[in-house]
Protein chains: 2
Amino acid sequence: MIEHMLHLILLLLAARSFGEIATRLGQPALVGEIGAGLALAVLAASLNAPFFAELSRSAFLDLAAEFGIFFLLLLAGLEIAPAELFRHSGRSVAVALGGVLLPLALGMALAWWVLPDNPMKFVQALLVGVALSISAVPVAIGVFMDLGMVHTPTGRTVIAAAILDDIIGLVLLAILTGAIAAGSVPGIGAMLPLLGKAALFFLIVAGTGYFGAPRIANLISWLRIPAPEFTALILTALGFAGLAELLGMDFIIGALAAALLFNAKSLGQASFARLKATVSDLTMGLLAPLFFLSIGIRVDFAALAIIPGIVLALILAALMGKIIGAGLPALLSGLTRKEALGVGFGMSGRGAVELIIVSIALEAGLFDYPGPVVANLFSALVLMALVTTIVTPIGLRWLFRERGQQGCNRPG
Amino acid sequence: MIEHMLHLILLLLAARSFGEIATRLGQPALVGEIGAGLALAVLAASLNAPFFAELSRSAFLDLAAEFGIFFLLLLAGLEIAPAELFRHSGRSVAVALGGVLLPLALGMALAWWVLPDNPMKFVQALLVGVALSISAVPVAIGVFMDLGMVHTPTGRTVIAAAILDDIIGLVLLAILTGAIAAGSVPGIGAMLPLLGKAALFFLIVAGTGYFGAPRIANLISWLRIPAPEFTALILTALGFAGLAELLGMDFIIGALAAALLFNAKSLGQASFARLKATVSDLTMGLLAPLFFLSIGIRVDFAALAIIPGIVLALILAALMGKIIGAGLPALLSGLTRKEALGVGFGMSGRGAVELIIVSIALEAGLFDYPGPVVANLFSALVLMALVTTIVTPIGLRWLFRERGQQGCNRPG
């Protein structure tokens, strides 16, 4: 018991310290948290000290990672305001679609080319495509704030496209986890029932949102027990999670979908702010750092030595897919080259949802097939996410460096 | 998987619905939550439907109960402001001490008299004494607010005594869990090393609080990662939990002690309010209802038929211990009879800490000894807590009914 507690203390301390260092370097905390996991894995492998090996296999890590995924998706859902989906310029729609479709196609093509034949090859290729296509823009938004660029065409386009991107990501996630759960899928033809089920799921979610959300909000304000919002969020998430499982998708889709029903409009500003603060503190303060650390632990640097070309190709496909896929529509719709490049870099970061997908695939045994490429695919995808995430703020700051030098709108 | 989710939905829904009903009846939510557990246990036993039996054995219940205890004690600790400990009238000190010592003595004497000889008899008697002695006054405070009595002598005395009571409860809890962990304790003589260890624990906690708390607060405000307060609270709780285990006490003592270091003075109003809101929502909205429901499930009404006299004697000792033990010092210090009786009733409620102690004792196997009295002691103690808690608001409202009729200060 006391050993477990010591493990948890050290793991949490390491994850948050590395997260703080990353934050100070202008990187998102998750880069540092994955880094802590990488460092721990290297220590465990090289020192041959049983303590580090035990630490990296702590039972708390699995538990925290499990709940971390659930709460990270709840938090992601709470940060999407569905009403904003209907206020979109043609430019942001084109940027969002281009930024998803090109990396999806590049990723699937690359994977189809390099992966050996196996019963799950199509699903594996779909995983690579989806992993390349989902953006995480909070980092970019942070940089835009830092440089006072939130209200420039670049900033506005990225932020607007990001909301659409989240929804497209949700749909892709539903289809992908459905494909993983269904097992071997021979081709696109067999995807149709899956697409139908995903459509049914979102129809039910949208219907519940439209008819149910006001009723849930009324019930919450009528109740006298403490914390009815948190209970309602958990119950809705569990309900949708069960529905997702029934329809053959992963249960975590339910968490993301449920959180969409809870927003400032339905709950009122104060209740919603408190609910979000609770989910955010629990996630960012405890569960997410341990989840990202656990991902870092499972990355094998050997992937770099065994399949260096594929790791590099993945990173290039990820960056080019976003910079061309999102940047070209931006350029064609009238932005300058530099602004369009900024949009492309802004959409390049990967993040929590990406890593959640890859770790669900790992748990589901999608990488348990022969061949060095499949065996190292998990590590390659995490390294890709890490590199593209690190590149985003560096690229943006370099691109708009004269703004940083002016020092306008910068705190401190 | 989907079955587990359905179980969790139903359990949480039942606990919170019964909690709402209890709240509407002027009772604390935990009365309803335990009631939901009782109802479920009766359904499972009488209907012979496997579904209810599975529901009452859900794996989530144990997990939620485990974490529920931890977070309930964190929350209890956050609600104590240590600085207020030094602002006490002689009256509130006398009320607090009398209200603890008389029930402790009555409980131990009663238990010593009725329990059969067994190696753990002294520890069992100590458990009964402690279970009778710890007050939970939030219910009483709620009633005082409702009746506009917070600033009357009765209200002020109960609220001031409650803070002292919490600290005395913490010390008793430390000693009791030490005794449970140490196993058979033949008598008071063998308690000395235990008392020494408990004293050492509180010395270290107080030292850390005095020298460490300002440093922790400085570190928190220096950090740029999100939710540093929540992480710091969890890390401190785990550290003190490890210390408590090292010194032979239950690890949950650490949670309560750690939370004492976090308050509005050390963290600042805004940070502290947010931290408390997070812990409160997570506890009240999810973990505590499931914990109290799980206690209700494990109560066996047969105790009422097998040892009716002992159940009744426990309830009487609990009520008389508080009404005389806390009420007499109040009367002697100049309150009227009615006011003193109000103080006694106000201190009569049992609550979370009580039930946590009893369930720790259950987990530790303290009731696994032959004889109908020992076997039914858990159920008897929970029923005692339930009855005294229900009696508190009813007694107070009846005692001060003319205030209720005036309708002053009542909402709605």
# chains A, B, ... in the order shown; residues from 1 in each chain; ligands from 1

call {"tool": "interface_residues", "arguments": {"of": "chain A", "to": "chain B", "cutoff": "6 Å", "atoms": "only C-alpha atoms", "output": "count of residues only"}}
result
12

call {"tool": "residues_around", "arguments": {"residues": "segment 143-152 of chain B", "least_positions_apart": "2", "cutoff": "12 Å", "atoms": "only C-alpha atoms", "output": "short mmCIF file (atom, residue, chain, number, x, y, z; two decimals) with C-alpha atoms, in the first residue's frame"}}
result
data_model
loop_
_atom_site.label_atom_id
_atom_site.label_comp_id
_atom_site.auth_asym_id
_atom_site.auth_seq_id
_atom_site.Cartn_x
_atom_site.Cartn_y
_atom_site.Cartn_z
CA THR B 23 -33.23 16.90 1.29
CA LEU B 25 -37.86 16.30 3.88
CA GLY B 26 -35.34 18.49 5.72
CA GLN B 27 -32.90 15.61 6.15
CA PRO B 28 -29.28 15.43 4.97
CA VAL B 137 -23.18 19.33 12.66
CA PRO B 138 -23.70 20.48 9.04
CA VAL B 139 -27.31 19.30 9.32
CA ALA B 140 -27.81 21.30 12.50
CA ILE B 141 -26.19 24.34 10.90
CA THR B 154 -27.45 28.04 20.61
CA GLY B 155 -26.31 28.42 17.00
CA ARG B 156 -23.00 30.07 17.86
CA THR B 157 -22.15 27.46 20.50
CA VAL B 158 -22.86 24.49 18.23
CA ILE B 159 -20.89 25.94 15.31
CA ALA B 160 -17.89 26.81 17.48
CA LEU B 335 -27.88 29.13 28.56
CA THR B 336 -31.58 28.51 29.20
CA GLU B 339 -31.17 26.63 24.44
CA ALA B 340 -29.04 23.97 26.13
CA GLY B 342 -30.94 22.79 21.38
CA VAL B 343 -27.15 22.55 21.73
CA PHE B 345 -29.74 18.07 19.77
CA GLY B 346 -27.52 20.10 17.46
CA GLY B 349 -26.19 14.10 14.31
CA THR B 392 -31.40 15.99 14.84
CA PRO B 393 -33.36 18.22 12.43
CA ILE B 394 -36.71 16.90 13.68
CA GLY B 395 -35.75 17.62 17.30
CA LEU B 396 -34.40 21.08 16.51
CA ARG B 397 -37.41 22.09 14.43
CA TRP B 398 -39.79 20.86 17.13
CA LEU B 399 -37.82 22.61 19.89
CA PHE B 400 -37.79 25.95 18.10
CA ARG B 401 -41.12 25.51 16.30
CA GLU B 402 -42.38 28.99 17.17
CA ARG B 403 -39.50 30.41 15.09
CA GLY B 404 -40.56 28.33 12.12
CA GLN B 405 -44.14 29.58 12.49
CA GLN B 406 -42.98 33.20 12.51
CA GLY B 407 -41.50 32.40 9.14
CA CYS B 408 -38.71 34.90 9.66
CA ASN B 409 -35.54 34.40 7.66
CA ARG B 410 -36.99 31.44 5.82
CA PRO B 411 -36.51 31.32 2.10
CA GLY B 412 -39.50 31.01 -0.23
#

call {"tool": "select_by_dssp", "arguments": {"residues": "segment 289-393 of chain A", "states": "alpha helix (DSSP H)", "output": "NGL selection string"}}
result
:A and (289-298 or 302-306 or 308-332 or 337-346 or 352-363 or 372-375 or 377-393)

call {"tool": "residues_around", "arguments": {"residues": "Leu194 of chain A", "least_positions_apart": "4", "cutoff": "12 Å", "atoms": "only C-alpha atoms", "output": "VMD selection string"}}
result
chain A and resid 171 to 183 185 187 to 190 198 to 201 244 247 to 249

call {"tool": "residues_around", "arguments": {"residues": "Ala44 of chain A", "least_positions_apart": "3", "cutoff": "10 Å", "atoms": "only C-alpha atoms", "output": "VMD selection string"}}
result
chain A and resid 38 to 41 47 to 56 297

call {"tool": "closest_residue", "arguments": {"among": "B:Gly351, B:Ala317, B:Val387, B:Ser58", "to": "Gly169 of chain B", "atoms": "only C-alpha atoms"}}
result
B:Gly351

call {"tool": "residues_around", "arguments": {"residues": "Ala259 of chain A", "least_positions_apart": "5", "cutoff": "6 Å", "atoms": "only C-alpha atoms", "output": "JSON, numbers by chain"}}
result
{"A": [74, 77, 78]}

call {"tool": "residues_around", "arguments": {"residues": "Val311 of chain A", "least_positions_apart": "2", "cutoff": "10 Å", "atoms": "only C-alpha atoms", "output": "list in words"}}
result
Ala303, Leu304, Ala305, Ile306, Ile307, Pro308, Gly309, Ala313, Leu314, Ile315, Leu316, Ala317, Val373, Asn376, Leu377, Ser379, Ala380, Leu381, Val382, Leu383 and Met384 of chain A

call {"tool": "write_last_selection", "arguments": {"atoms": "N, CA, C and O atoms", "output": "CSV table (one decimal), in the first residue's frame"}}
result
chain,number,residue,atom,x,y,z
A,303,ALA,N,12.0,2.3,-32.3
A,303,ALA,CA,11.2,2.5,-33.6
A,303,ALA,C,12.0,3.4,-34.5
A,303,ALA,O,12.0,3.2,-35.7
A,304,LEU,N,12.7,4.4,-33.9
A,304,LEU,CA,13.5,5.3,-34.7
A,304,LEU,C,14.7,4.6,-35.4
A,304,LEU,O,15.1,5.0,-36.5
A,305,ALA,N,15.2,3.5,-34.8
A,305,ALA,CA,16.3,2.8,-35.4
A,305,ALA,C,15.8,1.7,-36.4
A,305,ALA,O,16.4,1.5,-37.4
A,306,ILE,N,14.6,1.2,-36.1
A,306,ILE,CA,14.1,0.0,-36.9
A,306,ILE,C,13.4,0.5,-38.1
A,306,ILE,O,13.6,0.0,-39.2
A,307,ILE,N,12.5,1.5,-37.9
A,307,ILE,CA,11.8,2.0,-39.1
A,307,ILE,C,12.0,3.5,-39.2
A,307,ILE,O,11.0,4.3,-39.2
A,308,PRO,N,13.2,4.0,-39.4
A,308,PRO,CA,13.4,5.5,-39.4
A,308,PRO,C,12.7,6.1,-40.5
A,308,PRO,O,12.2,7.2,-40.4
A,309,GLY,N,12.7,5.5,-41.7
A,309,GLY,CA,12.1,6.1,-42.9
A,309,GLY,C,10.6,6.3,-42.7
A,309,GLY,O,10.1,7.3,-43.1
A,313,ALA,N,8.6,9.7,-42.7
A,313,ALA,CA,7.5,9.9,-43.7
A,313,ALA,C,6.2,10.3,-43.0
A,313,ALA,O,5.5,11.1,-43.5
A,314,LEU,N,5.9,9.7,-41.9
A,314,LEU,CA,4.7,10.0,-41.1
A,314,LEU,C,4.7,11.5,-40.7
A,314,LEU,O,3.7,12.2,-40.8
A,315,ILE,N,5.9,11.9,-40.2
A,315,ILE,CA,6.0,13.3,-39.7
A,315,ILE,C,5.8,14.2,-40.9
A,315,ILE,O,5.1,15.2,-40.8
A,316,LEU,N,6.5,13.9,-42.0
A,316,LEU,CA,6.3,14.8,-43.2
A,316,LEU,C,4.9,14.8,-43.7
A,316,LEU,O,4.4,15.9,-44.0
A,317,ALA,N,4.3,13.6,-43.8
A,317,ALA,CA,2.9,13.6,-44.2
A,317,ALA,C,2.0,14.4,-43.3
A,317,ALA,O,1.1,15.1,-43.8
A,373,VAL,N,7.1,-3.1,-38.8
A,373,VAL,CA,6.3,-1.9,-39.0
A,373,VAL,C,5.1,-1.8,-38.1
A,373,VAL,O,4.9,-0.8,-37.4
A,376,ASN,N,6.0,-1.4,-34.4
A,376,ASN,CA,6.6,-0.1,-34.0
A,376,ASN,C,5.6,1.1,-34.4
A,376,ASN,O,6.0,2.2,-34.2
A,377,LEU,N,4.4,0.7,-34.9
A,377,LEU,CA,3.5,1.8,-35.3
A,377,LEU,C,3.1,2.7,-34.2
A,377,LEU,O,3.0,3.9,-34.3
A,379,SER,N,4.7,3.5,-31.4
A,379,SER,CA,5.7,4.5,-31.0
A,379,SER,C,5.9,5.5,-32.1
A,379,SER,O,6.1,6.7,-31.9
A,380,ALA,N,5.8,5.1,-33.4
A,380,ALA,CA,6.0,6.0,-34.5
A,380,ALA,C,4.9,7.1,-34.5
A,380,ALA,O,5.1,8.3,-34.7
A,381,LEU,N,3.6,6.7,-34.2
A,381,LEU,CA,2.5,7.6,-34.2
A,381,LEU,C,2.6,8.6,-33.0
A,381,LEU,O,2.3,9.8,-33.2
A,382,VAL,N,3.1,8.1,-31.9
A,382,VAL,CA,3.3,9.0,-30.7
A,382,VAL,C,4.4,10.0,-31.0
A,382,VAL,O,4.3,11.2,-30.7
A,383,LEU,N,5.5,9.5,-31.6
A,383,LEU,CA,6.6,10.4,-31.9
A,383,LEU,C,6.1,11.5,-32.9
A,383,LEU,O,6.5,12.6,-32.8
A,384,MET,N,5.3,11.0,-33.9
A,384,MET,CA,4.8,12.0,-34.9
A,384,MET,C,4.0,13.1,-34.2
A,384,MET,O,4.1,14.3,-34.4

call {"tool": "closest_residue", "arguments": {"among": "B:Ile310, B:Leu132, B:Ile295, B:Ile324", "to": "Glu33 of chain B", "atoms": "only C-alpha atoms"}}
result
B:Ile295

call {"tool": "closest_residue", "arguments": {"among": "B:Leu203, B:Val374, B:Ile80, B:Leu386", "to": "Asn118 of chain B", "atoms": "only C-alpha atoms"}}
result
B:Val374

call {"tool": "closest_residue", "arguments": {"among": "A:Ile252, A:Pro116, A:Leu362, A:Val128", "to": "Leu170 of chain A", "atoms": "only C-alpha atoms"}}
result
A:Ile252

call {"tool": "atom_distance", "arguments": {"atom1": "atom CA of Gly99 of chain B", "atom2": "atom CA of Met347 of chain B"}}
result
7.3 Å

call {"tool": "decode", "arguments": {"residues": "segment 193-225 of chain B", "atoms": "N, CA, C and O atoms", "output": "mmCIF file, in the first residue's frame"}}
result
data_model
loop_
_atom_site.group_PDB
_atom_site.id
_atom_site.type_symbol
_atom_site.label_atom_id
_atom_site.label_comp_id
_atom_site.auth_asym_id
_atom_site.auth_seq_id
_atom_site.Cartn_x
_atom_site.Cartn_y
_atom_site.Cartn_z
ATOM 1 N N PRO B 193 2.193 3.269 23.149
ATOM 2 C CA PRO B 193 2.977 3.508 21.923
ATOM 3 C C PRO B 193 2.114 4.076 20.803
ATOM 4 O O PRO B 193 2.568 4.904 20.012
ATOM 5 N N LEU B 194 0.847 3.639 20.761
ATOM 6 C CA LEU B 194 -0.083 4.121 19.746
ATOM 7 C C LEU B 194 -0.317 5.618 19.896
ATOM 8 O O LEU B 194 -0.303 6.377 18.920
ATOM 9 N N LEU B 195 -0.537 6.035 21.157
ATOM 10 C CA LEU B 195 -0.749 7.458 21.421
ATOM 11 C C LEU B 195 0.496 8.248 21.039
ATOM 12 O O LEU B 195 0.403 9.335 20.476
ATOM 13 N N GLY B 196 1.669 7.669 21.325
ATOM 14 C CA GLY B 196 2.918 8.335 20.978
ATOM 15 C C GLY B 196 3.041 8.524 19.479
ATOM 16 O O GLY B 196 3.405 9.601 18.996
ATOM 17 N N LYS B 197 2.689 7.477 18.719
ATOM 18 C CA LYS B 197 2.770 7.575 17.263
ATOM 19 C C LYS B 197 1.792 8.608 16.717
ATOM 20 O O LYS B 197 2.116 9.381 15.814
ATOM 21 N N ALA B 198 0.563 8.605 17.276
ATOM 22 C CA ALA B 198 -0.428 9.587 16.827
ATOM 23 C C ALA B 198 0.075 10.997 17.124
ATOM 24 O O ALA B 198 -0.059 11.905 16.290
ATOM 25 N N ALA B 199 0.685 11.185 18.308
ATOM 26 C CA ALA B 199 1.212 12.508 18.665
ATOM 27 C C ALA B 199 2.309 12.914 17.690
ATOM 28 O O ALA B 199 2.351 14.058 17.216
ATOM 29 N N LEU B 200 3.194 11.969 17.356
ATOM 30 C CA LEU B 200 4.273 12.252 16.406
ATOM 31 C C LEU B 200 3.691 12.669 15.053
ATOM 32 O O LEU B 200 4.148 13.629 14.423
ATOM 33 N N PHE B 201 2.643 11.933 14.615
ATOM 34 C CA PHE B 201 2.005 12.251 13.340
ATOM 35 C C PHE B 201 1.500 13.693 13.330
ATOM 36 O O PHE B 201 1.771 14.457 12.405
ATOM 37 N N PHE B 202 0.782 14.069 14.389
ATOM 38 C CA PHE B 202 0.200 15.415 14.399
ATOM 39 C C PHE B 202 1.271 16.485 14.553
ATOM 40 O O PHE B 202 1.127 17.594 14.046
ATOM 41 N N LEU B 203 2.374 16.135 15.229
ATOM 42 C CA LEU B 203 3.490 17.070 15.346
ATOM 43 C C LEU B 203 4.070 17.354 13.961
ATOM 44 O O LEU B 203 4.335 18.505 13.592
ATOM 45 N N ILE B 204 4.266 16.280 13.180
ATOM 46 C CA ILE B 204 4.818 16.452 11.829
ATOM 47 C C ILE B 204 3.845 17.244 10.956
ATOM 48 O O ILE B 204 4.237 18.144 10.208
ATOM 49 N N VAL B 205 2.533 16.911 11.065
ATOM 50 C CA VAL B 205 1.532 17.637 10.276
ATOM 51 C C VAL B 205 1.532 19.115 10.648
ATOM 52 O O VAL B 205 1.545 19.997 9.778
ATOM 53 N N ALA B 206 1.553 19.387 11.958
ATOM 54 C CA ALA B 206 1.525 20.785 12.403
ATOM 55 C C ALA B 206 2.786 21.509 11.950
ATOM 56 O O ALA B 206 2.725 22.657 11.487
ATOM 57 N N GLY B 207 3.937 20.833 12.040
ATOM 58 C CA GLY B 207 5.190 21.447 11.597
ATOM 59 C C GLY B 207 5.166 21.746 10.108
ATOM 60 O O GLY B 207 5.534 22.838 9.668
ATOM 61 N N THR B 208 4.703 20.764 9.329
ATOM 62 C CA THR B 208 4.597 20.979 7.887
ATOM 63 C C THR B 208 3.643 22.127 7.593
ATOM 64 O O THR B 208 3.884 22.949 6.710
ATOM 65 N N GLY B 209 2.548 22.162 8.351
ATOM 66 C CA GLY B 209 1.572 23.223 8.142
ATOM 67 C C GLY B 209 2.180 24.582 8.430
ATOM 68 O O GLY B 209 2.023 25.527 7.655
ATOM 69 N N TYR B 210 2.926 24.668 9.533
ATOM 70 C CA TYR B 210 3.458 25.963 9.953
ATOM 71 C C TYR B 210 4.566 26.426 9.011
ATOM 72 O O TYR B 210 4.578 27.560 8.547
ATOM 73 N N PHE B 211 5.515 25.520 8.713
ATOM 74 C CA PHE B 211 6.660 25.923 7.889
ATOM 75 C C PHE B 211 6.420 25.685 6.399
ATOM 76 O O PHE B 211 6.903 26.436 5.561
ATOM 77 N N GLY B 212 5.665 24.624 6.082
ATOM 78 C CA GLY B 212 5.535 24.236 4.678
ATOM 79 C C GLY B 212 4.416 24.930 3.925
ATOM 80 O O GLY B 212 4.561 25.245 2.747
ATOM 81 N N ALA B 213 3.278 25.168 4.600
ATOM 82 C CA ALA B 213 2.097 25.683 3.893
ATOM 83 C C ALA B 213 2.389 26.980 3.134
ATOM 84 O O ALA B 213 1.988 27.108 1.973
ATOM 85 N N PRO B 214 3.096 27.964 3.735
ATOM 86 C CA PRO B 214 3.369 29.190 2.967
ATOM 87 C C PRO B 214 4.229 28.915 1.731
ATOM 88 O O PRO B 214 4.039 29.514 0.677
ATOM 89 N N ARG B 215 5.189 27.971 1.877
ATOM 90 C CA ARG B 215 6.043 27.626 0.737
ATOM 91 C C ARG B 215 5.237 26.961 -0.374
ATOM 92 O O ARG B 215 5.421 27.251 -1.557
ATOM 93 N N ILE B 216 4.349 26.035 0.024
ATOM 94 C CA ILE B 216 3.498 25.371 -0.972
ATOM 95 C C ILE B 216 2.650 26.417 -1.693
ATOM 96 O O ILE B 216 2.519 26.401 -2.917
ATOM 97 N N ALA B 217 2.096 27.364 -0.929
ATOM 98 C CA ALA B 217 1.254 28.403 -1.532
ATOM 99 C C ALA B 217 2.069 29.257 -2.502
ATOM 100 O O ALA B 217 1.598 29.597 -3.595
ATOM 101 N N ASN B 218 3.311 29.591 -2.118
ATOM 102 C CA ASN B 218 4.177 30.365 -3.018
ATOM 103 C C ASN B 218 4.461 29.595 -4.300
ATOM 104 O O ASN B 218 4.395 30.145 -5.400
ATOM 105 N N LEU B 219 4.786 28.312 -4.134
ATOM 106 C CA LEU B 219 5.084 27.471 -5.296
ATOM 107 C C LEU B 219 3.880 27.425 -6.233
ATOM 108 O O LEU B 219 4.014 27.562 -7.452
ATOM 109 N N ILE B 220 2.682 27.249 -5.637
ATOM 110 C CA ILE B 220 1.462 27.158 -6.448
ATOM 111 C C ILE B 220 1.271 28.426 -7.276
ATOM 112 O O ILE B 220 0.946 28.365 -8.460
ATOM 113 N N SER B 221 1.505 29.584 -6.667
ATOM 114 C CA SER B 221 1.246 30.815 -7.420
ATOM 115 C C SER B 221 2.357 31.081 -8.436
ATOM 116 O O SER B 221 2.172 31.841 -9.376
ATOM 117 N N TRP B 222 3.520 30.437 -8.257
ATOM 118 C CA TRP B 222 4.621 30.598 -9.216
ATOM 119 C C TRP B 222 4.424 29.716 -10.443
ATOM 120 O O TRP B 222 4.839 30.062 -11.550
ATOM 121 N N LEU B 223 3.746 28.565 -10.262
ATOM 122 C CA LEU B 223 3.593 27.598 -11.350
ATOM 123 C C LEU B 223 2.681 28.137 -12.448
ATOM 124 O O LEU B 223 1.754 28.895 -12.177
ATOM 125 N N ARG B 224 2.947 27.729 -13.702
ATOM 126 C CA ARG B 224 2.106 28.176 -14.816
ATOM 127 C C ARG B 224 1.208 27.074 -15.350
ATOM 128 O O ARG B 224 0.365 27.316 -16.202
ATOM 129 N N ILE B 225 1.419 25.825 -14.919
ATOM 130 C CA ILE B 225 0.549 24.739 -15.367
ATOM 131 C C ILE B 225 -0.841 24.926 -14.760
ATOM 132 O O ILE B 225 -0.982 25.555 -13.711
#
